[in-house]
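To start, the structure under review is shown below, and the notes come after it.
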Amino acid sequence: SATLSALQTCRALVSVNTGIMHIGAALGTPTVGLHGPTNPLRWGPVGPRTKSVTSTLPGAGKLNLGFEYQDDTNLMTGISVQAAYDACMEVMK
């Protein structure tokens with residue numbers, strides 16, 4: 001598929017917790033997972049060239065099983081561009 005081809009050729013993938021993030025990590029694509037409410041220990045990308053960046057805001061990373069979800073969409077604002085960039089540089093080494 002075109003998506004798989006793109007993931008195999010991109011220098012890095014930056015994604016929230018989605019299937020694309022997990023597929024990229026499984027393919028070996030350098031992958032940075034961005035986590036607001038989600039707990040990266042449970043929902044983060046898995047692989048040798050992956051890194052999770054979690055929001056610095058209170059309450060971030062608490063979503064573990066899914067039923068704890070509340071309106072936590074603003075938690076993503078606690079992830080700086082610099083933190084995402086630094087993570088990209090790390091996984092692309």
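By convention here, the chains of the structure tokens are called A, B, ... in the order presented, each chain's residues are numbered starting at 1, and ligands are numbered starting at 1 in the order presented.
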Item checked: Contacts of segment 20-24 of chain A within 10 Å, only C-alpha atoms, excl. fewer than 6 positions in-chain, as a ChimeraX atom specification -> /A:3-4,6-8,10,12-14,30-34,43-47,50
Would you mind exporting C-alpha atoms of the selected residues as a compact mmCIF listing (two decimals), in the first residue's frame?
# COMPACT_ATOMS: atom_id res chain seq x y z
CA THR A 3 0.95 4.20 3.33
CA LEU A 4 3.34 1.34 4.05
CA ALA A 6 5.69 6.04 2.68
CA LEU A 7 6.40 4.80 6.21
CA GLN A 8 9.31 2.70 4.97
CA CYS A 10 10.37 8.54 5.61
CA ALA A 12 11.03 9.98 10.87
CA LEU A 13 7.41 9.63 11.88
CA VAL A 14 5.87 11.91 14.50
CA PRO A 30 12.25 6.13 13.47
CA THR A 31 9.07 6.96 15.41
CA VAL A 32 8.18 9.61 17.97
CA GLY A 33 4.90 9.12 19.82
CA LEU A 34 3.24 12.21 21.29
CA TRP A 43 0.25 2.99 24.43
CA GLY A 44 3.68 4.16 23.24
CA PRO A 45 5.52 2.96 20.14
CA VAL A 46 7.62 -0.17 20.54
CA GLY A 47 10.85 -0.72 18.66
CA THR A 50 11.24 4.86 19.03
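Neighbours of Asn74 of chain A closer than or equal to 12 Å, with only C-alpha atoms counted and sequence neighbours fewer than 6 positions away skipped, come out as His35, Gly36, Pro37, Ser55, Thr56, Leu57, Pro58, Gly59 and Ala60 of chain A.
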Residues from last step as file, all heavy atoms, as a JSON list (two decimals), in the first residue's frame:
[["chain", "number", "residue", "atom", "x", "y", "z"],
["A", 35, "HIS", "N", 2.22, 12.02, 23.48],
["A", 35, "HIS", "CA", 1.20, 11.56, 24.43],
["A", 35, "HIS", "C", 0.74, 12.70, 25.33],
["A", 35, "HIS", "O", 1.54, 13.32, 26.03],
["A", 35, "HIS", "CB", 1.78, 10.44, 25.30],
["A", 35, "HIS", "CG", 2.21, 9.27, 24.49],
["A", 35, "HIS", "ND1", 1.34, 8.27, 24.12],
["A", 35, "HIS", "CD2", 3.41, 8.96, 23.95],
["A", 35, "HIS", "CE1", 1.99, 7.39, 23.38],
["A", 35, "HIS", "NE2", 3.25, 7.79, 23.27],
["A", 36, "GLY", "N", -0.56, 12.96, 25.27],
["A", 36, "GLY", "CA", -1.20, 13.89, 26.19],
["A", 36, "GLY", "C", -1.82, 13.08, 27.30],
["A", 36, "GLY", "O", -1.20, 12.82, 28.32],
["A", 37, "PRO", "N", -3.06, 12.61, 27.10],
["A", 37, "PRO", "CA", -3.70, 11.82, 28.14],
["A", 37, "PRO", "C", -3.21, 10.37, 28.19],
["A", 37, "PRO", "O", -3.33, 9.72, 29.21],
["A", 37, "PRO", "CB", -5.18, 11.87, 27.77],
["A", 37, "PRO", "CG", -5.21, 12.14, 26.31],
["A", 37, "PRO", "CD", -3.98, 12.98, 26.03],
["A", 55, "SER", "N", 3.24, 14.99, 27.52],
["A", 55, "SER", "CA", 2.91, 16.35, 27.95],
["A", 55, "SER", "C", 3.44, 16.62, 29.35],
["A", 55, "SER", "O", 3.46, 15.73, 30.21],
["A", 55, "SER", "CB", 1.38, 16.52, 27.94],
["A", 55, "SER", "OG", 1.00, 17.76, 28.48],
["A", 56, "THR", "N", 3.84, 17.84, 29.59],
["A", 56, "THR", "CA", 4.33, 18.24, 30.91],
["A", 56, "THR", "C", 3.21, 18.77, 31.80],
["A", 56, "THR", "O", 3.47, 19.12, 32.95],
["A", 56, "THR", "CB", 5.41, 19.33, 30.77],
["A", 56, "THR", "OG1", 4.85, 20.45, 30.07],
["A", 56, "THR", "CG2", 6.62, 18.81, 30.00],
["A", 57, "LEU", "N", 1.98, 18.80, 31.30],
["A", 57, "LEU", "CA", 0.86, 19.34, 32.09],
["A", 57, "LEU", "C", 0.37, 18.33, 33.12],
["A", 57, "LEU", "O", 0.46, 17.12, 32.92],
["A", 57, "LEU", "CB", -0.28, 19.74, 31.17],
["A", 57, "LEU", "CG", 0.03, 20.88, 30.21],
["A", 57, "LEU", "CD1", -1.16, 21.14, 29.29],
["A", 57, "LEU", "CD2", 0.39, 22.15, 30.97],
["A", 58, "PRO", "N", -0.16, 18.81, 34.25],
["A", 58, "PRO", "CA", -0.70, 17.91, 35.27],
["A", 58, "PRO", "C", -1.81, 17.03, 34.68],
["A", 58, "PRO", "O", -2.65, 17.51, 33.92],
["A", 58, "PRO", "CB", -1.28, 18.86, 36.33],
["A", 58, "PRO", "CG", -0.60, 20.16, 36.11],
["A", 58, "PRO", "CD", -0.27, 20.22, 34.64],
["A", 59, "GLY", "N", -1.80, 15.77, 35.02],
["A", 59, "GLY", "CA", -2.80, 14.84, 34.52],
["A", 59, "GLY", "C", -2.39, 14.11, 33.26],
["A", 59, "GLY", "O", -3.08, 13.19, 32.83],
["A", 60, "ALA", "N", -1.28, 14.49, 32.68],
["A", 60, "ALA", "CA", -0.83, 13.84, 31.45],
["A", 60, "ALA", "C", -0.38, 12.41, 31.74],
["A", 60, "ALA", "O", 0.12, 12.11, 32.81],
["A", 60, "ALA", "CB", 0.30, 14.63, 30.82]]
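Among the candidates A:Leu27, A:Gly19, A:Arg11, A:Ser5, the residue lying nearest to Pro48 of chain A is A:Leu27 (atoms considered: only C-alpha atoms).
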Next item on the list: Could you give me the residues within chain A that DSSP places in strand (DSSP E), as a PyMOL selection string?
Entry: chain A and resi 13-16+31-35+50-54
Checklist line | Nearest to Ser15 of chain A, chosen from A:Leu75, A:Ala87, A:Leu63, A:Leu41, with only C-alpha atoms counted in the distances | finding: A:Ala87
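For the pair atom CA of Arg49 of chain A and atom CA of Lys62 of chain A, the separation is 24.1 Å.
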Checklist line | Test item, alpha helix (DSSP H) assignment across chain A, answer as a PyMOL selection string | finding: chain A and resi 2-9+19-27+40-43+81-91
